[in-house]
file run_25.cif (mmCIF, N, CA and C atoms)
data_work
loop_
_atom_site.label_atom_id
_atom_site.label_comp_id
_atom_site.auth_asym_id
_atom_site.auth_seq_id
_atom_site.Cartn_x
_atom_site.Cartn_y
_atom_site.Cartn_z
N MET A 1 -5.15 -29.66 -26.77
CA MET A 1 -3.91 -30.39 -26.54
C MET A 1 -3.66 -30.42 -25.03
N PRO A 2 -3.38 -31.59 -24.46
CA PRO A 2 -3.12 -31.68 -23.02
C PRO A 2 -1.90 -30.84 -22.62
N PHE A 3 -1.94 -30.34 -21.38
CA PHE A 3 -0.88 -29.49 -20.85
C PHE A 3 0.49 -30.16 -20.96
N GLU A 4 0.54 -31.45 -20.69
CA GLU A 4 1.79 -32.22 -20.77
C GLU A 4 2.38 -32.15 -22.18
N SER A 5 1.54 -32.30 -23.18
CA SER A 5 2.00 -32.24 -24.58
C SER A 5 2.50 -30.85 -24.93
N VAL A 6 1.83 -29.83 -24.43
CA VAL A 6 2.25 -28.44 -24.67
C VAL A 6 3.63 -28.20 -24.08
N LEU A 7 3.86 -28.66 -22.86
CA LEU A 7 5.16 -28.47 -22.21
C LEU A 7 6.27 -29.19 -22.97
N LYS A 8 5.98 -30.38 -23.47
CA LYS A 8 6.97 -31.12 -24.26
C LYS A 8 7.31 -30.35 -25.53
N LYS A 9 6.30 -29.81 -26.20
CA LYS A 9 6.54 -29.04 -27.42
C LYS A 9 7.38 -27.80 -27.13
N ILE A 10 7.09 -27.13 -26.00
CA ILE A 10 7.86 -25.95 -25.61
C ILE A 10 9.32 -26.34 -25.39
N PHE A 11 9.55 -27.42 -24.64
CA PHE A 11 10.92 -27.87 -24.39
C PHE A 11 11.63 -28.20 -25.70
N GLU A 12 10.98 -28.95 -26.56
CA GLU A 12 11.61 -29.40 -27.79
C GLU A 12 11.92 -28.24 -28.73
N SER A 13 11.06 -27.23 -28.79
CA SER A 13 11.36 -26.07 -29.63
C SER A 13 12.52 -25.27 -29.02
N GLY A 14 12.55 -25.18 -27.69
CA GLY A 14 13.66 -24.51 -27.02
C GLY A 14 14.97 -25.25 -27.21
N LEU A 15 14.92 -26.56 -27.17
CA LEU A 15 16.11 -27.38 -27.39
C LEU A 15 16.70 -27.14 -28.78
N GLU A 16 15.83 -27.07 -29.77
CA GLU A 16 16.29 -26.81 -31.14
C GLU A 16 16.98 -25.44 -31.22
N SER A 17 16.39 -24.43 -30.62
CA SER A 17 16.98 -23.09 -30.63
C SER A 17 18.30 -23.08 -29.86
N PHE A 18 18.35 -23.75 -28.71
CA PHE A 18 19.57 -23.82 -27.91
C PHE A 18 20.70 -24.47 -28.72
N ASN A 19 20.40 -25.59 -29.34
CA ASN A 19 21.43 -26.33 -30.10
C ASN A 19 21.92 -25.55 -31.32
N LYS A 20 21.08 -24.66 -31.86
CA LYS A 20 21.49 -23.84 -33.00
C LYS A 20 22.14 -22.53 -32.53
N ALA A 21 22.20 -22.34 -31.20
CA ALA A 21 22.69 -21.09 -30.61
C ALA A 21 21.84 -19.90 -31.05
N ASP A 22 20.55 -20.14 -31.26
CA ASP A 22 19.60 -19.09 -31.62
C ASP A 22 18.90 -18.63 -30.33
N TYR A 23 19.67 -17.95 -29.49
CA TYR A 23 19.20 -17.61 -28.16
C TYR A 23 18.05 -16.60 -28.17
N GLU A 24 18.04 -15.70 -29.11
CA GLU A 24 16.95 -14.71 -29.15
C GLU A 24 15.61 -15.39 -29.38
N GLN A 25 15.60 -16.48 -30.12
CA GLN A 25 14.37 -17.24 -30.33
C GLN A 25 13.82 -17.76 -28.99
N LEU A 26 14.73 -18.04 -28.07
CA LEU A 26 14.31 -18.54 -26.75
C LEU A 26 13.55 -17.50 -25.94
N SER A 27 13.67 -16.23 -26.31
CA SER A 27 12.93 -15.19 -25.58
C SER A 27 11.42 -15.37 -25.70
N GLU A 28 10.98 -16.16 -26.66
CA GLU A 28 9.56 -16.45 -26.81
C GLU A 28 9.05 -17.42 -25.75
N ILE A 29 9.96 -18.20 -25.15
CA ILE A 29 9.51 -19.21 -24.18
C ILE A 29 10.11 -19.03 -22.78
N ILE A 30 11.05 -18.10 -22.64
CA ILE A 30 11.68 -17.84 -21.34
C ILE A 30 11.38 -16.40 -20.94
N ILE A 31 10.87 -16.20 -19.72
CA ILE A 31 10.53 -14.84 -19.30
C ILE A 31 11.79 -14.00 -19.10
N LYS A 32 11.60 -12.69 -19.14
CA LYS A 32 12.71 -11.73 -19.05
C LYS A 32 13.51 -11.87 -17.76
N HIS A 33 12.84 -12.18 -16.66
CA HIS A 33 13.51 -12.27 -15.35
C HIS A 33 13.63 -13.71 -14.88
N ALA A 34 13.85 -14.61 -15.84
CA ALA A 34 14.03 -16.03 -15.50
C ALA A 34 15.34 -16.22 -14.74
N GLN A 35 15.43 -17.34 -14.05
CA GLN A 35 16.65 -17.68 -13.32
C GLN A 35 17.26 -18.96 -13.89
N LEU A 36 18.58 -19.01 -13.85
CA LEU A 36 19.32 -20.22 -14.17
C LEU A 36 20.27 -20.49 -13.03
N ILE A 37 20.12 -21.66 -12.42
CA ILE A 37 21.02 -22.10 -11.36
C ILE A 37 21.72 -23.36 -11.88
N SER A 38 23.04 -23.32 -11.90
CA SER A 38 23.79 -24.44 -12.45
C SER A 38 25.04 -24.66 -11.62
N PRO A 39 25.40 -25.92 -11.38
CA PRO A 39 26.60 -26.20 -10.59
C PRO A 39 27.87 -25.95 -11.41
N ALA A 40 28.97 -25.88 -10.71
CA ALA A 40 30.26 -25.83 -11.41
C ALA A 40 30.45 -27.14 -12.15
N ILE A 41 30.99 -27.04 -13.35
CA ILE A 41 31.27 -28.22 -14.15
C ILE A 41 32.76 -28.24 -14.42
N ASP A 42 33.40 -29.32 -14.00
CA ASP A 42 34.84 -29.45 -14.18
C ASP A 42 35.12 -30.86 -14.70
N LEU A 43 34.90 -31.03 -15.99
CA LEU A 43 35.12 -32.30 -16.66
C LEU A 43 36.23 -32.13 -17.69
N PRO A 44 36.83 -33.22 -18.13
CA PRO A 44 37.94 -33.09 -19.10
C PRO A 44 37.57 -32.29 -20.36
N LYS A 45 36.33 -32.43 -20.85
CA LYS A 45 35.96 -31.79 -22.11
C LYS A 45 35.13 -30.51 -21.95
N ILE A 46 34.78 -30.14 -20.72
CA ILE A 46 34.00 -28.91 -20.51
C ILE A 46 34.20 -28.41 -19.08
N LYS A 47 34.35 -27.11 -18.98
CA LYS A 47 34.49 -26.47 -17.67
C LYS A 47 33.61 -25.22 -17.66
N ALA A 48 32.88 -25.04 -16.58
CA ALA A 48 32.02 -23.86 -16.45
C ALA A 48 31.85 -23.57 -14.95
N PRO A 49 31.78 -22.30 -14.60
CA PRO A 49 31.60 -21.95 -13.19
C PRO A 49 30.17 -22.20 -12.72
N ALA A 50 30.00 -22.33 -11.42
CA ALA A 50 28.65 -22.37 -10.85
C ALA A 50 28.02 -21.01 -11.07
N VAL A 51 26.73 -20.99 -11.38
CA VAL A 51 26.06 -19.71 -11.61
C VAL A 51 24.67 -19.72 -10.97
N HIS A 52 24.24 -18.51 -10.62
CA HIS A 52 22.84 -18.24 -10.27
C HIS A 52 22.51 -16.92 -10.97
N LEU A 53 22.00 -17.05 -12.18
CA LEU A 53 21.70 -15.89 -13.01
C LEU A 53 20.23 -15.55 -12.86
N LYS A 54 19.92 -14.25 -12.95
CA LYS A 54 18.56 -13.82 -12.62
C LYS A 54 17.86 -13.04 -13.71
N ASN A 55 18.34 -13.15 -14.96
CA ASN A 55 17.61 -12.55 -16.06
C ASN A 55 18.03 -13.20 -17.38
N PHE A 56 17.15 -13.07 -18.36
CA PHE A 56 17.36 -13.73 -19.65
C PHE A 56 18.65 -13.28 -20.31
N LYS A 57 18.96 -12.01 -20.25
CA LYS A 57 20.18 -11.48 -20.88
C LYS A 57 21.43 -12.16 -20.33
N ASP A 58 21.53 -12.29 -19.01
CA ASP A 58 22.70 -12.93 -18.40
C ASP A 58 22.75 -14.42 -18.73
N ILE A 59 21.60 -15.06 -18.79
CA ILE A 59 21.54 -16.48 -19.14
C ILE A 59 22.07 -16.68 -20.55
N VAL A 60 21.61 -15.87 -21.48
CA VAL A 60 22.05 -15.98 -22.87
C VAL A 60 23.55 -15.73 -22.98
N GLU A 61 24.07 -14.74 -22.27
CA GLU A 61 25.51 -14.46 -22.30
C GLU A 61 26.32 -15.65 -21.77
N TYR A 62 25.82 -16.27 -20.70
CA TYR A 62 26.49 -17.46 -20.13
C TYR A 62 26.49 -18.61 -21.13
N TRP A 63 25.33 -18.90 -21.72
CA TRP A 63 25.24 -19.98 -22.70
C TRP A 63 26.14 -19.70 -23.90
N ALA A 64 26.11 -18.48 -24.40
CA ALA A 64 26.92 -18.13 -25.57
C ALA A 64 28.41 -18.31 -25.27
N ALA A 65 28.86 -17.85 -24.10
CA ALA A 65 30.27 -17.98 -23.73
C ALA A 65 30.67 -19.45 -23.59
N THR A 66 29.82 -20.25 -22.97
CA THR A 66 30.11 -21.67 -22.79
C THR A 66 30.12 -22.38 -24.14
N ASN A 67 29.15 -22.06 -24.97
CA ASN A 67 29.07 -22.73 -26.28
C ASN A 67 30.17 -22.29 -27.23
N GLU A 68 30.73 -21.10 -27.00
CA GLU A 68 31.83 -20.63 -27.83
C GLU A 68 33.10 -21.44 -27.56
N LYS A 69 33.28 -21.86 -26.30
CA LYS A 69 34.50 -22.58 -25.90
C LYS A 69 34.39 -24.09 -26.08
N PHE A 70 33.17 -24.63 -25.95
CA PHE A 70 32.98 -26.08 -25.94
C PHE A 70 31.85 -26.45 -26.90
N GLU A 71 31.88 -27.68 -27.38
CA GLU A 71 30.79 -28.16 -28.23
C GLU A 71 29.65 -28.63 -27.33
N ASN A 72 28.95 -27.65 -26.84
CA ASN A 72 27.95 -27.83 -25.79
C ASN A 72 26.54 -27.94 -26.40
N ARG A 73 26.22 -29.09 -26.96
CA ARG A 73 24.91 -29.31 -27.58
C ARG A 73 24.25 -30.52 -26.95
N ILE A 74 22.95 -30.42 -26.74
CA ILE A 74 22.20 -31.55 -26.20
C ILE A 74 21.96 -32.52 -27.35
N THR A 75 22.51 -33.73 -27.23
CA THR A 75 22.42 -34.72 -28.30
C THR A 75 21.27 -35.70 -28.11
N LYS A 76 20.83 -35.87 -26.87
CA LYS A 76 19.62 -36.66 -26.61
C LYS A 76 19.09 -36.24 -25.24
N PHE A 77 17.83 -36.59 -25.00
CA PHE A 77 17.21 -36.22 -23.72
C PHE A 77 16.12 -37.22 -23.40
N GLU A 78 15.73 -37.25 -22.13
CA GLU A 78 14.60 -38.07 -21.72
C GLU A 78 13.80 -37.31 -20.66
N TYR A 79 12.50 -37.39 -20.78
CA TYR A 79 11.62 -36.75 -19.80
C TYR A 79 11.56 -37.62 -18.55
N LEU A 80 11.86 -37.02 -17.41
CA LEU A 80 11.75 -37.73 -16.13
C LEU A 80 10.41 -37.41 -15.47
N GLU A 81 9.98 -36.15 -15.60
CA GLU A 81 8.68 -35.69 -15.09
C GLU A 81 8.21 -34.55 -15.97
N ILE A 82 6.91 -34.50 -16.22
CA ILE A 82 6.35 -33.39 -16.98
C ILE A 82 5.24 -32.77 -16.14
N GLY A 83 5.31 -31.48 -15.96
CA GLY A 83 4.32 -30.74 -15.19
C GLY A 83 4.79 -29.31 -15.02
N LYS A 84 4.16 -28.62 -14.10
CA LYS A 84 4.53 -27.22 -13.87
C LYS A 84 6.01 -27.11 -13.50
N ILE A 85 6.54 -28.13 -12.85
CA ILE A 85 7.98 -28.28 -12.67
C ILE A 85 8.33 -29.58 -13.38
N SER A 86 9.01 -29.45 -14.50
CA SER A 86 9.38 -30.61 -15.30
C SER A 86 10.83 -30.96 -15.04
N LYS A 87 11.15 -32.23 -15.20
CA LYS A 87 12.53 -32.69 -15.06
C LYS A 87 12.91 -33.43 -16.32
N VAL A 88 14.04 -33.00 -16.90
CA VAL A 88 14.50 -33.57 -18.16
C VAL A 88 15.97 -33.91 -18.01
N ARG A 89 16.33 -35.13 -18.35
CA ARG A 89 17.75 -35.53 -18.36
C ARG A 89 18.31 -35.18 -19.74
N CYS A 90 19.36 -34.36 -19.75
CA CYS A 90 19.96 -33.88 -20.99
C CYS A 90 21.37 -34.46 -21.14
N TYR A 91 21.61 -35.04 -22.28
CA TYR A 91 22.91 -35.64 -22.58
C TYR A 91 23.66 -34.76 -23.57
N TYR A 92 24.85 -34.35 -23.18
CA TYR A 92 25.75 -33.59 -24.03
C TYR A 92 26.89 -34.56 -24.36
N GLU A 93 26.65 -35.45 -25.29
CA GLU A 93 27.54 -36.58 -25.50
C GLU A 93 28.93 -36.18 -25.99
N LYS A 94 29.06 -35.11 -26.73
CA LYS A 94 30.37 -34.71 -27.25
C LYS A 94 31.31 -34.22 -26.17
N VAL A 95 30.75 -33.82 -25.01
CA VAL A 95 31.60 -33.37 -23.90
C VAL A 95 31.45 -34.28 -22.68
N ASN A 96 30.78 -35.42 -22.86
CA ASN A 96 30.58 -36.40 -21.78
C ASN A 96 29.94 -35.79 -20.54
N LEU A 97 28.86 -35.04 -20.76
CA LEU A 97 28.15 -34.36 -19.67
C LEU A 97 26.69 -34.79 -19.67
N ILE A 98 26.18 -35.06 -18.46
CA ILE A 98 24.76 -35.36 -18.29
C ILE A 98 24.24 -34.42 -17.20
N LEU A 99 23.19 -33.67 -17.54
CA LEU A 99 22.55 -32.79 -16.57
C LEU A 99 21.08 -33.15 -16.45
N ASP A 100 20.58 -33.14 -15.21
CA ASP A 100 19.13 -33.18 -15.00
C ASP A 100 18.69 -31.74 -14.84
N ALA A 101 17.79 -31.31 -15.70
CA ALA A 101 17.30 -29.94 -15.68
C ALA A 101 15.90 -29.92 -15.09
N GLU A 102 15.72 -29.12 -14.04
CA GLU A 102 14.38 -28.84 -13.52
C GLU A 102 13.94 -27.56 -14.21
N ILE A 103 12.80 -27.61 -14.86
CA ILE A 103 12.31 -26.45 -15.61
C ILE A 103 10.97 -26.05 -15.02
N PHE A 104 10.89 -24.81 -14.57
CA PHE A 104 9.69 -24.29 -13.92
C PHE A 104 8.91 -23.46 -14.94
N PHE A 105 7.62 -23.76 -15.08
CA PHE A 105 6.76 -23.05 -16.02
C PHE A 105 5.72 -22.23 -15.27
N ASP A 106 5.37 -21.06 -15.84
CA ASP A 106 4.26 -20.29 -15.27
C ASP A 106 2.95 -20.78 -15.90
N THR A 107 1.85 -20.14 -15.56
CA THR A 107 0.55 -20.59 -16.06
C THR A 107 0.39 -20.39 -17.56
N TYR A 108 1.27 -19.60 -18.17
CA TYR A 108 1.21 -19.37 -19.61
C TYR A 108 2.17 -20.28 -20.38
N GLY A 109 2.83 -21.20 -19.68
CA GLY A 109 3.76 -22.11 -20.34
C GLY A 109 5.11 -21.48 -20.64
N LYS A 110 5.42 -20.37 -19.97
CA LYS A 110 6.72 -19.73 -20.13
C LYS A 110 7.66 -20.23 -19.03
N ILE A 111 8.93 -20.34 -19.38
CA ILE A 111 9.92 -20.82 -18.41
C ILE A 111 10.33 -19.68 -17.49
N THR A 112 10.24 -19.95 -16.17
CA THR A 112 10.58 -18.93 -15.17
C THR A 112 11.90 -19.23 -14.47
N LYS A 113 12.26 -20.52 -14.44
CA LYS A 113 13.46 -20.92 -13.70
C LYS A 113 13.96 -22.24 -14.24
N MET A 114 15.29 -22.38 -14.29
CA MET A 114 15.93 -23.63 -14.70
C MET A 114 17.00 -23.95 -13.67
N VAL A 115 16.96 -25.15 -13.13
CA VAL A 115 17.94 -25.58 -12.14
C VAL A 115 18.60 -26.85 -12.68
N ASN A 116 19.90 -26.77 -12.89
CA ASN A 116 20.65 -27.92 -13.42
C ASN A 116 21.31 -28.70 -12.29
N HIS A 117 21.32 -30.02 -12.44
CA HIS A 117 21.98 -30.90 -11.48
C HIS A 117 22.90 -31.82 -12.28
N LEU A 118 24.15 -31.87 -11.89
CA LEU A 118 25.13 -32.72 -12.56
C LEU A 118 24.85 -34.18 -12.22
N VAL A 119 24.78 -35.03 -13.24
CA VAL A 119 24.54 -36.46 -13.06
C VAL A 119 25.87 -37.17 -13.25
N LYS A 120 26.23 -37.96 -12.26
CA LYS A 120 27.48 -38.74 -12.34
C LYS A 120 27.11 -40.20 -12.54
N GLU A 121 27.51 -40.73 -13.69
CA GLU A 121 27.17 -42.13 -13.97
C GLU A 121 28.41 -42.98 -13.91
#

call {"tool": "encode", "arguments": {"input": "run_25.cif", "output": "structure tokens"}}
result
Amino acid sequence: MPFESVLKKIFESGLESFNKADYEQLSEIIIKHAQLISPAIDLPKIKAPAVHLKNFKDIVEYWAATNEKFENRITKFEYLEIGKISKVRCYYEKVNLILDAEIFFDTYGKITKMVNHLVKE
């Protein structure tokens, strides 16, 4: 299977776990010391502080807290680039949020870093 297809499968399985709030399942594809960098989000239907988290446990706690307060589910996505650094546009339609996610993979196809960029349309 080509590397590009493997990365897409990894993203799609992670997306399913994220949307179900099954964060422990994500430990299979995200390394223990992964980073999440995300801007502050201040929209009518969702608010979240800017973060630079440096381990899986803190990332999961951030996602769980955000998802507890808001209906924060990715409802559709599009691949912008696929590779060792992939870019995916994620639509959270119920909260009117669009993020471009840069996802960094190691040589084993594990996620090492995620950098979110707020898209203003």

call {"tool": "resolve_selection", "arguments": {"input": "run_25.cif", "expression": "the PyMOL selection byres ((chain A and resi 100) around 6.5)", "output": "list in words"}}
result
Lys87, Val88, Arg89, Cys90, Ile98, Leu99, Ala101, Glu102, Val115, Asn116, His117, Leu118 and Val119 of chain A

call {"tool": "write_last_selection", "arguments": {"input": "run_25.cif", "atoms": "N, CA and C atoms", "output": "compact mmCIF listing (two decimals), keeping the file's coordinate frame"}}
result
# COMPACT_ATOMS: atom_id res chain seq x y z
N LYS A 87 11.15 -32.23 -15.20
CA LYS A 87 12.53 -32.69 -15.06
C LYS A 87 12.91 -33.43 -16.32
N VAL A 88 14.04 -33.00 -16.90
CA VAL A 88 14.50 -33.57 -18.16
C VAL A 88 15.97 -33.91 -18.01
N ARG A 89 16.33 -35.13 -18.35
CA ARG A 89 17.75 -35.53 -18.36
C ARG A 89 18.31 -35.18 -19.74
N CYS A 90 19.36 -34.36 -19.75
CA CYS A 90 19.96 -33.88 -20.99
C CYS A 90 21.37 -34.46 -21.14
N ILE A 98 26.18 -35.06 -18.46
CA ILE A 98 24.76 -35.36 -18.29
C ILE A 98 24.24 -34.42 -17.20
N LEU A 99 23.19 -33.67 -17.54
CA LEU A 99 22.55 -32.79 -16.57
C LEU A 99 21.08 -33.15 -16.45
N ALA A 101 17.79 -31.31 -15.70
CA ALA A 101 17.30 -29.94 -15.68
C ALA A 101 15.90 -29.92 -15.09
N GLU A 102 15.72 -29.12 -14.04
CA GLU A 102 14.38 -28.84 -13.52
C GLU A 102 13.94 -27.56 -14.21
N VAL A 115 16.96 -25.15 -13.13
CA VAL A 115 17.94 -25.58 -12.14
C VAL A 115 18.60 -26.85 -12.68
N ASN A 116 19.90 -26.77 -12.89
CA ASN A 116 20.65 -27.92 -13.42
C ASN A 116 21.31 -28.70 -12.29
N HIS A 117 21.32 -30.02 -12.44
CA HIS A 117 21.98 -30.90 -11.48
C HIS A 117 22.90 -31.82 -12.28
N LEU A 118 24.15 -31.87 -11.89
CA LEU A 118 25.13 -32.72 -12.56
C LEU A 118 24.85 -34.18 -12.22
N VAL A 119 24.78 -35.03 -13.24
CA VAL A 119 24.54 -36.46 -13.06
C VAL A 119 25.87 -37.17 -13.25

call {"tool": "closest_residue", "arguments": {"input": "run_25.cif", "among": "A:Ala21, A:Leu43, A:Ile85, A:Leu7", "to": "A:Val60", "atoms": "only C-alpha atoms"}}
result
A:Ala21

call {"tool": "resolve_selection", "arguments": {"input": "run_25.cif", "expression": "the PyMOL selection byres ((chain A and resi 109) around 8)", "output": "list of chain:residue names"}}
result
A:Val6, A:Leu7, A:Ile10, A:Glu28, A:Ile29, A:Ile30, A:Ile31, A:Phe104, A:Phe105, A:Asp106, A:Thr107, A:Tyr108, A:Lys110, A:Ile111, A:Thr112

call {"tool": "resolve_selection", "arguments": {"input": "run_25.cif", "expression": "the PyMOL selection byres (((chain A and resi 92 and name CA) around 7) and name CA)", "output": "list in words"}}
result
Asn72, Arg73, Ile74, Thr75, Cys90, Tyr91, Glu93, Lys94, Val95, Asn96, Leu97 and Ile98 of chain A

call {"tool": "write_last_selection", "arguments": {"input": "run_25.cif", "atoms": "N, CA and C atoms", "output": "mmCIF file, in the frame of the given file"}}
result
data_model
loop_
_atom_site.group_PDB
_atom_site.id
_atom_site.type_symbol
_atom_site.label_atom_id
_atom_site.label_comp_id
_atom_site.auth_asym_id
_atom_site.auth_seq_id
_atom_site.Cartn_x
_atom_site.Cartn_y
_atom_site.Cartn_z
ATOM 1 N N ASN A 72 28.950 -27.650 -26.840
ATOM 2 C CA ASN A 72 27.950 -27.830 -25.790
ATOM 3 C C ASN A 72 26.540 -27.940 -26.400
ATOM 4 N N ARG A 73 26.220 -29.090 -26.960
ATOM 5 C CA ARG A 73 24.910 -29.310 -27.580
ATOM 6 C C ARG A 73 24.250 -30.520 -26.950
ATOM 7 N N ILE A 74 22.950 -30.420 -26.740
ATOM 8 C CA ILE A 74 22.200 -31.550 -26.200
ATOM 9 C C ILE A 74 21.960 -32.520 -27.350
ATOM 10 N N THR A 75 22.510 -33.730 -27.230
ATOM 11 C CA THR A 75 22.420 -34.720 -28.300
ATOM 12 C C THR A 75 21.270 -35.700 -28.110
ATOM 13 N N CYS A 90 19.360 -34.360 -19.750
ATOM 14 C CA CYS A 90 19.960 -33.880 -20.990
ATOM 15 C C CYS A 90 21.370 -34.460 -21.140
ATOM 16 N N TYR A 91 21.610 -35.040 -22.280
ATOM 17 C CA TYR A 91 22.910 -35.640 -22.580
ATOM 18 C C TYR A 91 23.660 -34.760 -23.570
ATOM 19 N N GLU A 93 26.650 -35.450 -25.290
ATOM 20 C CA GLU A 93 27.540 -36.580 -25.500
ATOM 21 C C GLU A 93 28.930 -36.180 -25.990
ATOM 22 N N LYS A 94 29.060 -35.110 -26.730
ATOM 23 C CA LYS A 94 30.370 -34.710 -27.250
ATOM 24 C C LYS A 94 31.310 -34.220 -26.170
ATOM 25 N N VAL A 95 30.750 -33.820 -25.010
ATOM 26 C CA VAL A 95 31.600 -33.370 -23.900
ATOM 27 C C VAL A 95 31.450 -34.280 -22.680
ATOM 28 N N ASN A 96 30.780 -35.420 -22.860
ATOM 29 C CA ASN A 96 30.580 -36.400 -21.780
ATOM 30 C C ASN A 96 29.940 -35.790 -20.540
ATOM 31 N N LEU A 97 28.860 -35.040 -20.760
ATOM 32 C CA LEU A 97 28.150 -34.360 -19.670
ATOM 33 C C LEU A 97 26.690 -34.790 -19.670
ATOM 34 N N ILE A 98 26.180 -35.060 -18.460
ATOM 35 C CA ILE A 98 24.760 -35.360 -18.290
ATOM 36 C C ILE A 98 24.240 -34.420 -17.200
#

call {"tool": "select_by_dssp", "arguments": {"input": "run_25.cif", "residues": "chain A", "states": "alpha helix (DSSP H)", "output": "ChimeraX atom specification"}}
result
/A:3-19,56-69

call {"tool": "select_by_dssp", "arguments": {"input": "run_25.cif", "residues": "stretch 45-111 of chain A", "states": "strand (DSSP E or B)", "output": "ChimeraX atom specification"}}
result
/A:46-48,51-53,76-81,85-92,97-105,111

call {"tool": "atom_distance", "arguments": {"input": "run_25.cif", "atom1": "atom CA of A:Ile82", "atom2": "atom N of A:Gln25"}}
result
23.3 Å

call {"tool": "atom_distance", "arguments": {"input": "run_25.cif", "atom1": "atom CA of A:Gln35", "atom2": "atom CA of A:Asn55"}}
result
5.9 Å

call {"tool": "atom_distance", "arguments": {"input": "run_25.cif", "atom1": "atom CA of A:Ser86", "atom2": "atom CA of A:Ser17"}}
result
18.7 Å

call {"tool": "closest_residue", "arguments": {"input": "run_25.cif", "among": "A:Lys120, A:Lys76, A:Lys84, A:Lys54", "to": "A:Asn19", "atoms": "only C-alpha atoms"}}
result
A:Lys76

call {"tool": "residues_near_point", "arguments": {"input": "run_25.cif", "point": "(17.0, -12.7, -14.4)", "cutoff": "7 Å", "atoms": "only N, CA and C atoms", "output": "ChimeraX atom specification"}}
result
/A:32-36,53-59
